[in-house]
$ cat protein-v2.cif   # mmCIF, C-alpha atoms
data_entry
#
loop_
_atom_site.group_PDB
_atom_site.id
_atom_site.type_symbol
_atom_site.label_atom_id
_atom_site.label_comp_id
_atom_site.auth_asym_id
_atom_site.auth_seq_id
_atom_site.Cartn_x
_atom_site.Cartn_y
_atom_site.Cartn_z
ATOM 1 C CA MET O 1094 3.698 7.197 -29.289
ATOM 2 C CA HIS O 1095 3.561 6.114 -25.645
ATOM 3 C CA GLU O 1096 -0.036 4.866 -25.543
ATOM 4 C CA HIS O 1097 0.990 1.523 -24.084
ATOM 5 C CA SER O 1098 2.955 3.188 -21.284
ATOM 6 C CA ILE O 1099 0.009 5.474 -20.510
ATOM 7 C CA LYS O 1100 -2.275 2.429 -20.306
ATOM 8 C CA LEU O 1101 0.105 0.663 -17.901
ATOM 9 C CA LEU O 1102 0.618 3.794 -15.808
ATOM 10 C CA ASN O 1103 -3.162 4.197 -15.497
ATOM 11 C CA GLU O 1104 -3.505 0.553 -14.456
ATOM 12 C CA ALA O 1105 -0.975 1.303 -11.729
ATOM 13 C CA VAL O 1106 -2.977 4.389 -10.691
ATOM 14 C CA SER O 1107 -6.039 2.170 -10.286
ATOM 15 C CA ASP O 1108 -4.075 -0.383 -8.233
ATOM 16 C CA GLU O 1109 -2.633 2.329 -6.013
ATOM 17 C CA LEU O 1110 -6.044 3.958 -5.468
ATOM 18 C CA ALA O 1111 -7.474 0.586 -4.447
ATOM 19 C CA ALA O 1112 -4.579 0.113 -2.024
ATOM 20 C CA ILE O 1113 -5.118 3.564 -0.493
ATOM 21 C CA HIS O 1114 -8.781 2.827 0.162
ATOM 22 C CA GLN O 1115 -8.051 -0.656 1.530
ATOM 23 C CA TYR O 1116 -5.237 0.475 3.809
ATOM 24 C CA MET O 1117 -7.240 3.380 5.182
ATOM 25 C CA TYR O 1118 -10.093 0.969 5.919
ATOM 26 C CA PHE O 1119 -7.634 -1.270 7.761
ATOM 27 C CA HIS O 1120 -6.194 1.771 9.529
ATOM 28 C CA PHE O 1121 -9.620 2.813 10.827
ATOM 29 C CA HIS O 1122 -10.420 -0.662 12.129
ATOM 30 C CA CYS O 1123 -7.029 -1.293 13.730
ATOM 31 C CA ASP O 1124 -7.246 2.090 15.414
ATOM 32 C CA ASP O 1125 -10.772 1.328 16.622
ATOM 33 C CA GLN O 1126 -9.587 -2.000 18.067
ATOM 34 C CA GLY O 1127 -6.731 -0.285 19.914
ATOM 35 C CA PHE O 1128 -3.923 -1.596 17.714
ATOM 36 C CA GLU O 1129 -2.154 1.739 17.379
ATOM 37 C CA LEU O 1130 1.093 0.525 15.797
ATOM 38 C CA LEU O 1131 -0.655 -1.470 13.091
ATOM 39 C CA ALA O 1132 -3.069 1.404 12.481
ATOM 40 C CA GLN O 1133 -0.086 3.703 11.963
ATOM 41 C CA LEU O 1134 1.563 1.216 9.605
ATOM 42 C CA PHE O 1135 -1.548 1.027 7.432
ATOM 43 C CA GLU O 1136 -1.948 4.801 7.450
ATOM 44 C CA ARG O 1137 1.715 5.405 6.572
ATOM 45 C CA THR O 1138 1.517 2.895 3.730
ATOM 46 C CA ALA O 1139 -1.646 4.557 2.386
ATOM 47 C CA ILE O 1140 0.150 7.899 2.350
ATOM 48 C CA GLU O 1141 3.060 6.377 0.430
ATOM 49 C CA GLU O 1142 0.588 4.898 -2.047
ATOM 50 C CA MET O 1143 -0.869 8.416 -2.490
ATOM 51 C CA GLN O 1144 2.603 9.608 -3.376
ATOM 52 C CA HIS O 1145 2.821 6.802 -5.937
ATOM 53 C CA VAL O 1146 -0.419 8.017 -7.544
ATOM 54 C CA GLU O 1147 1.042 11.496 -7.781
ATOM 55 C CA MET O 1148 4.235 10.257 -9.468
ATOM 56 C CA LEU O 1149 2.259 8.100 -11.881
ATOM 57 C CA ALA O 1150 -0.124 10.949 -12.707
ATOM 58 C CA GLU O 1151 2.753 13.319 -13.406
ATOM 59 C CA ARG O 1152 4.264 10.802 -15.818
ATOM 60 C CA ILE O 1153 0.930 10.188 -17.566
ATOM 61 C CA LEU O 1154 0.409 13.908 -18.061
ATOM 62 C CA PHE O 1155 3.969 14.348 -19.305
ATOM 63 C CA LEU O 1156 3.322 11.671 -21.922
ATOM 64 C CA GLY O 1157 0.199 13.545 -23.037
ATOM 65 C CA GLY O 1158 -2.322 11.170 -21.511
ATOM 66 C CA ASP O 1159 -5.143 11.711 -19.076
ATOM 67 C CA VAL O 1160 -5.158 10.270 -15.562
ATOM 68 C CA ASP O 1161 -7.918 7.724 -14.993
ATOM 69 C CA MET O 1162 -8.956 8.100 -11.358
ATOM 70 C CA GLU O 1163 -11.688 5.494 -11.590
ATOM 71 C CA LEU O 1164 -11.583 2.979 -8.783
ATOM 72 C CA LYS O 1165 -11.958 -0.499 -10.259
ATOM 73 C CA GLU O 1166 -11.810 -2.497 -7.037
ATOM 74 C CA PHE O 1167 -13.879 -2.351 -3.897
ATOM 75 C CA VAL O 1168 -12.719 -2.357 -0.309
ATOM 76 C CA SER O 1169 -12.713 -5.729 1.396
ATOM 77 C CA ARG O 1170 -14.487 -5.350 4.727
ATOM 78 C CA GLU O 1171 -12.050 -7.429 6.712
ATOM 79 C CA HIS O 1172 -11.806 -6.812 10.473
ATOM 80 C CA GLU O 1173 -9.518 -9.635 11.595
ATOM 81 C CA VAL O 1174 -5.957 -8.335 11.888
ATOM 82 C CA GLU O 1175 -4.183 -11.452 10.643
ATOM 83 C CA LYS O 1176 -6.363 -11.523 7.525
ATOM 84 C CA MET O 1177 -5.762 -7.788 6.985
ATOM 85 C CA LEU O 1178 -2.019 -8.331 7.084
ATOM 86 C CA LYS O 1179 -2.161 -11.338 4.762
ATOM 87 C CA MET O 1180 -4.274 -9.384 2.311
ATOM 88 C CA ALA O 1181 -1.930 -6.380 2.479
ATOM 89 C CA ARG O 1182 1.107 -8.602 1.923
ATOM 90 C CA GLN O 1183 -0.560 -10.221 -1.083
ATOM 91 C CA MET O 1184 -1.528 -6.833 -2.532
ATOM 92 C CA GLU O 1185 2.080 -5.658 -2.281
ATOM 93 C CA GLU O 1186 3.398 -8.860 -3.860
ATOM 94 C CA ASP O 1187 0.922 -8.561 -6.725
ATOM 95 C CA SER O 1188 1.864 -4.917 -7.310
ATOM 96 C CA ALA O 1189 5.587 -5.686 -7.332
ATOM 97 C CA THR O 1190 5.022 -8.498 -9.830
ATOM 98 C CA SER O 1191 2.947 -6.282 -12.131
ATOM 99 C CA TYR O 1192 5.334 -3.342 -11.886
ATOM 100 C CA ASN O 1193 8.325 -5.542 -12.737
ATOM 101 C CA LYS O 1194 6.508 -6.794 -15.805
ATOM 102 C CA TRP O 1195 5.387 -3.307 -16.801
ATOM 103 C CA ALA O 1196 8.910 -1.904 -16.372
ATOM 104 C CA LYS O 1197 10.099 -4.402 -18.966
ATOM 105 C CA GLU O 1198 7.230 -3.544 -21.308
ATOM 106 C CA CYS O 1199 8.037 0.169 -21.043
ATOM 107 C CA ALA O 1200 11.705 -0.529 -21.746
ATOM 108 C CA ASP O 1201 10.723 -2.632 -24.766
ATOM 109 C CA ASN O 1202 8.738 0.365 -26.042
ATOM 110 C CA ALA O 1203 11.638 2.837 -25.655
ATOM 111 C CA ASP O 1204 10.199 4.517 -22.551
ATOM 112 C CA SER O 1205 13.045 4.355 -20.062
ATOM 113 C CA ALA O 1206 11.588 7.011 -17.727
ATOM 114 C CA SER O 1207 8.394 4.994 -17.172
ATOM 115 C CA ARG O 1208 10.544 1.868 -16.784
ATOM 116 C CA LYS O 1209 12.542 3.596 -14.066
ATOM 117 C CA LEU O 1210 9.367 4.798 -12.333
ATOM 118 C CA PHE O 1211 7.997 1.250 -12.226
ATOM 119 C CA GLU O 1212 11.320 -0.065 -10.933
ATOM 120 C CA ASN O 1213 11.288 2.524 -8.139
ATOM 121 C CA LEU O 1214 7.732 1.528 -7.270
ATOM 122 C CA VAL O 1215 8.839 -2.107 -7.052
ATOM 123 C CA ASP O 1216 11.360 -1.108 -4.374
ATOM 124 C CA ASP O 1217 8.597 0.518 -2.307
ATOM 125 C CA GLU O 1218 6.148 -2.345 -2.794
ATOM 126 C CA GLU O 1219 8.764 -4.894 -1.742
ATOM 127 C CA ARG O 1220 9.529 -2.832 1.371
ATOM 128 C CA HIS O 1221 5.799 -2.722 2.186
ATOM 129 C CA TYR O 1222 5.591 -6.481 1.616
ATOM 130 C CA ASP O 1223 8.458 -6.987 4.053
ATOM 131 C CA GLN O 1224 6.774 -4.804 6.696
ATOM 132 C CA TYR O 1225 3.539 -6.799 6.519
ATOM 133 C CA ASP O 1226 5.465 -10.065 6.461
ATOM 134 C CA ASP O 1227 7.334 -9.004 9.610
ATOM 135 C CA GLU O 1228 4.042 -8.216 11.351
ATOM 136 C CA LEU O 1229 2.637 -11.605 10.382
ATOM 137 C CA ASP O 1230 5.806 -13.261 11.659
ATOM 138 C CA ALA O 1231 5.430 -11.446 14.999
ATOM 139 C CA MET O 1232 1.804 -12.558 15.251
ATOM 140 C CA GLU O 1233 2.820 -16.133 14.540
ATOM 141 C CA ARG O 1234 5.602 -16.068 17.135
ATOM 142 C CA PHE O 1235 3.707 -14.236 19.890
ATOM 143 C CA GLY O 1236 0.076 -15.026 19.076
ATOM 144 C CA ASP O 1237 -2.644 -12.950 20.683
ATOM 145 C CA ARG O 1238 -0.091 -11.513 23.116
ATOM 146 C CA TYR O 1239 1.301 -9.426 20.242
ATOM 147 C CA LEU O 1240 -2.004 -7.628 19.710
ATOM 148 C CA ALA O 1241 -2.665 -7.441 23.449
ATOM 149 C CA LEU O 1242 0.627 -5.602 23.967
ATOM 150 C CA GLN O 1243 -0.351 -3.017 21.358
ATOM 151 C CA SER O 1244 -3.701 -2.519 23.060
ATOM 152 C CA ILE O 1245 -2.066 -2.198 26.489
ATOM 153 C CA GLU O 1246 0.390 0.414 25.203
ATOM 154 C CA ARG O 1247 -2.498 2.464 23.863
ATOM 155 C CA SER O 1248 -4.358 2.185 27.163
ATOM 156 C CA LYS O 1249 -1.268 3.300 29.082
ATOM 157 C CA ALA O 1250 -0.837 6.308 26.800
ATOM 158 C CA THR O 1251 -4.503 7.234 27.097
ATOM 159 C CA SER O 1252 -4.577 6.939 30.880
ATOM 160 C CA SER O 1253 -1.427 9.048 31.230
ATOM 161 C CA GLY O 1254 -2.992 11.823 29.176
ATOM 162 C CA GLU O 1255 -0.777 11.306 26.119
ATOM 163 C CA THR O 1256 -2.481 11.674 22.781
ATOM 164 C CA ALA O 1257 -1.702 9.643 19.704
ATOM 165 C CA GLU O 1258 -0.600 11.491 16.614
#
$ encode --input "protein-v2.cif" --output "structure tokens"
Amino acid sequence: MHEHSIKLLNEAVSDELAAIHQYMYFHFHCDDQGFELLAQLFERTAIEEMQHVEMLAERILFLGGDVDMELKEFVSREHEVEKMLKMARQMEEDSATSYNKWAKECADNADSASRKLFENLVDDEERHYDQYDDELDAMERFGDRYLALQSIERSKATSSGETAE
């Protein structure tokens, strides 16, 4: 009865899994470069995407489907922070666009709970988009000084014996 919804929900699972892998990759590299705040942003977003997978999986199972955990995209090995942020912003925009469309399709197929789930995901994806857009705006306004300040803050914390969480 809800085969189409299950298909869309599984597509979202795949998108979210790809985002988790990509954001963790970005997290590792930002952390390695000393950009603590950006590393934390990528990590926090990856954790939220994990929560999305869990919500989607619960809905799929409720509808009697099986969760497809197959990763269909590969991690882009980007190391330049500005390109990471642009890619992340684009990923969030693409997800919000798809989820809006899929919410309508679920509603058209008398599946209001899946519609609502997709609409809630759109809210999160748009918030993520805004966070990455704000970071890009800061980089544009402050240039390399923006990243240098993050690196300096990490060095100060390290030299004072503070540990990052």
$ resolve_selection --input "protein-v2.cif" --expression "the PyMOL selection byres ((chain O and resi 1142-1156) around 7)" --output "list in words"
His1095, Ile1099, Leu1102, Val1106, Glu1109, Ile1113, Thr1138, Ala1139, Ile1140, Glu1141, Gly1157, Gly1158, Asp1159 and Val1160 of chain O
$ closest_atom_pairs --input "protein-v2.cif" --of "range 1169-1225 of chain O" --to "range 1232-1240 of chain O" --cutoff "10 Å" --atoms "only C-alpha atoms" --output "Markdown table"
| residue | atom | partner | partner_atom | distance |
| --- | --- | --- | --- | --- |
| O:Val1174 | CA | O:Leu1240 | CA | 8.8 |
| O:Glu1175 | CA | O:Met1232 | CA | 7.6 |
| O:Leu1178 | CA | O:Met1232 | CA | 10.0 |
$ resolve_selection --input "protein-v2.cif" --expression "the PyMOL selection byres ((chain O and resi 1188) around 12)" --output "JSON, numbers by chain"
{"O": [1104, 1105, 1106, 1107, 1108, 1109, 1111, 1112, 1142, 1145, 1181, 1182, 1183, 1184, 1185, 1186, 1187, 1189, 1190, 1191, 1192, 1193, 1194, 1195, 1196, 1211, 1212, 1214, 1215, 1216, 1217, 1218, 1219, 1220, 1221, 1222]}
$ atom_distance --input "protein-v2.cif" --atom1 "CA of Asp1161 in chain O" --atom2 "CA of Ser1098 in chain O"
13.4 Å
$ atom_distance --input "protein-v2.cif" --atom1 "CA of Lys1197 in chain O" --atom2 "CA of Phe1167 in chain O"
28.4 Å
$ residues_near_point --input "protein-v2.cif" --point "(-14.5, -8.0, 7.2)" --cutoff "12 Å" --atoms "all atoms listed in the file" --output "PyMOL selection string"
chain O and resi 1115+1118-1119+1122-1123+1168-1177+1180
$ atom_distance --input "protein-v2.cif" --atom1 "CA of Leu1210 in chain O" --atom2 "CA of His1097 in chain O"
14.8 Å
$ axis_aligned_box --input "protein-v2.cif" --around "range 1165-1179 of chain O" --padding-each-side "5 Å" --output "lines of an AutoDock Vina configuration file"
center_x = -8.3
center_y = -6.0
center_z = 0.8
size_x = 22.5
size_y = 21.0
size_z = 32.1
$ resolve_selection --input "protein-v2.cif" --expression "the PyMOL selection byres ((chain O and resi 1124) around 12)" --output "ChimeraX atom specification"
/O:1116-1123,1125-1136,1172,1174,1240,1243-1244,1247,1257-1258
$ build_atoms --input "protein-v2.cif" --residues "range 1160-1176 of chain O" --atoms "N, CA and C atoms" --output "mmCIF file, in the frame of the given file"
data_model
loop_
_atom_site.group_PDB
_atom_site.id
_atom_site.type_symbol
_atom_site.label_atom_id
_atom_site.label_comp_id
_atom_site.auth_asym_id
_atom_site.auth_seq_id
_atom_site.Cartn_x
_atom_site.Cartn_y
_atom_site.Cartn_z
ATOM 1 N N VAL O 1160 -5.197 11.147 -16.728
ATOM 2 C CA VAL O 1160 -5.158 10.270 -15.562
ATOM 3 C C VAL O 1160 -6.558 9.720 -15.300
ATOM 4 N N ASP O 1161 -6.649 8.394 -15.273
ATOM 5 C CA ASP O 1161 -7.918 7.724 -14.993
ATOM 6 C C ASP O 1161 -7.990 7.471 -13.499
ATOM 7 N N MET O 1162 -8.839 8.215 -12.812
ATOM 8 C CA MET O 1162 -8.956 8.100 -11.358
ATOM 9 C C MET O 1162 -10.093 7.169 -10.938
ATOM 10 N N GLU O 1163 -10.587 6.402 -11.882
ATOM 11 C CA GLU O 1163 -11.688 5.494 -11.590
ATOM 12 C C GLU O 1163 -11.207 4.323 -10.749
ATOM 13 N N LEU O 1164 -11.908 4.090 -9.664
ATOM 14 C CA LEU O 1164 -11.583 2.979 -8.783
ATOM 15 C C LEU O 1164 -12.244 1.717 -9.329
ATOM 16 N N LYS O 1165 -11.433 0.713 -9.629
ATOM 17 C CA LYS O 1165 -11.958 -0.499 -10.259
ATOM 18 C C LYS O 1165 -12.148 -1.639 -9.272
ATOM 19 N N GLU O 1166 -11.662 -1.462 -8.059
ATOM 20 C CA GLU O 1166 -11.810 -2.497 -7.037
ATOM 21 C C GLU O 1166 -12.530 -1.917 -5.834
ATOM 22 N N PHE O 1167 -13.153 -2.786 -5.084
ATOM 23 C CA PHE O 1167 -13.879 -2.351 -3.897
ATOM 24 C C PHE O 1167 -13.128 -2.775 -2.644
ATOM 25 N N VAL O 1168 -13.370 -2.076 -1.580
ATOM 26 C CA VAL O 1168 -12.719 -2.357 -0.309
ATOM 27 C C VAL O 1168 -13.256 -3.656 0.273
ATOM 28 N N SER O 1169 -12.340 -4.503 0.692
ATOM 29 C CA SER O 1169 -12.713 -5.729 1.396
ATOM 30 C C SER O 1169 -12.960 -5.365 2.854
ATOM 31 N N ARG O 1170 -14.097 -5.732 3.367
ATOM 32 C CA ARG O 1170 -14.487 -5.350 4.727
ATOM 33 C C ARG O 1170 -13.987 -6.375 5.740
ATOM 34 N N GLU O 1171 -12.696 -6.487 5.801
ATOM 35 C CA GLU O 1171 -12.050 -7.429 6.712
ATOM 36 C C GLU O 1171 -11.740 -6.731 8.036
ATOM 37 N N HIS O 1172 -12.048 -7.400 9.155
ATOM 38 C CA HIS O 1172 -11.806 -6.812 10.473
ATOM 39 C C HIS O 1172 -10.788 -7.589 11.280
ATOM 40 N N GLU O 1173 -10.475 -8.803 10.865
ATOM 41 C CA GLU O 1173 -9.518 -9.635 11.595
ATOM 42 C C GLU O 1173 -8.092 -9.246 11.181
ATOM 43 N N VAL O 1174 -7.282 -8.892 12.160
ATOM 44 C CA VAL O 1174 -5.957 -8.335 11.888
ATOM 45 C C VAL O 1174 -5.080 -9.270 11.062
ATOM 46 N N GLU O 1175 -5.037 -10.531 11.394
ATOM 47 C CA GLU O 1175 -4.183 -11.452 10.643
ATOM 48 C C GLU O 1175 -4.604 -11.495 9.172
ATOM 49 N N LYS O 1176 -5.884 -11.514 8.908
ATOM 50 C CA LYS O 1176 -6.363 -11.523 7.525
ATOM 51 C C LYS O 1176 -6.059 -10.203 6.828
#
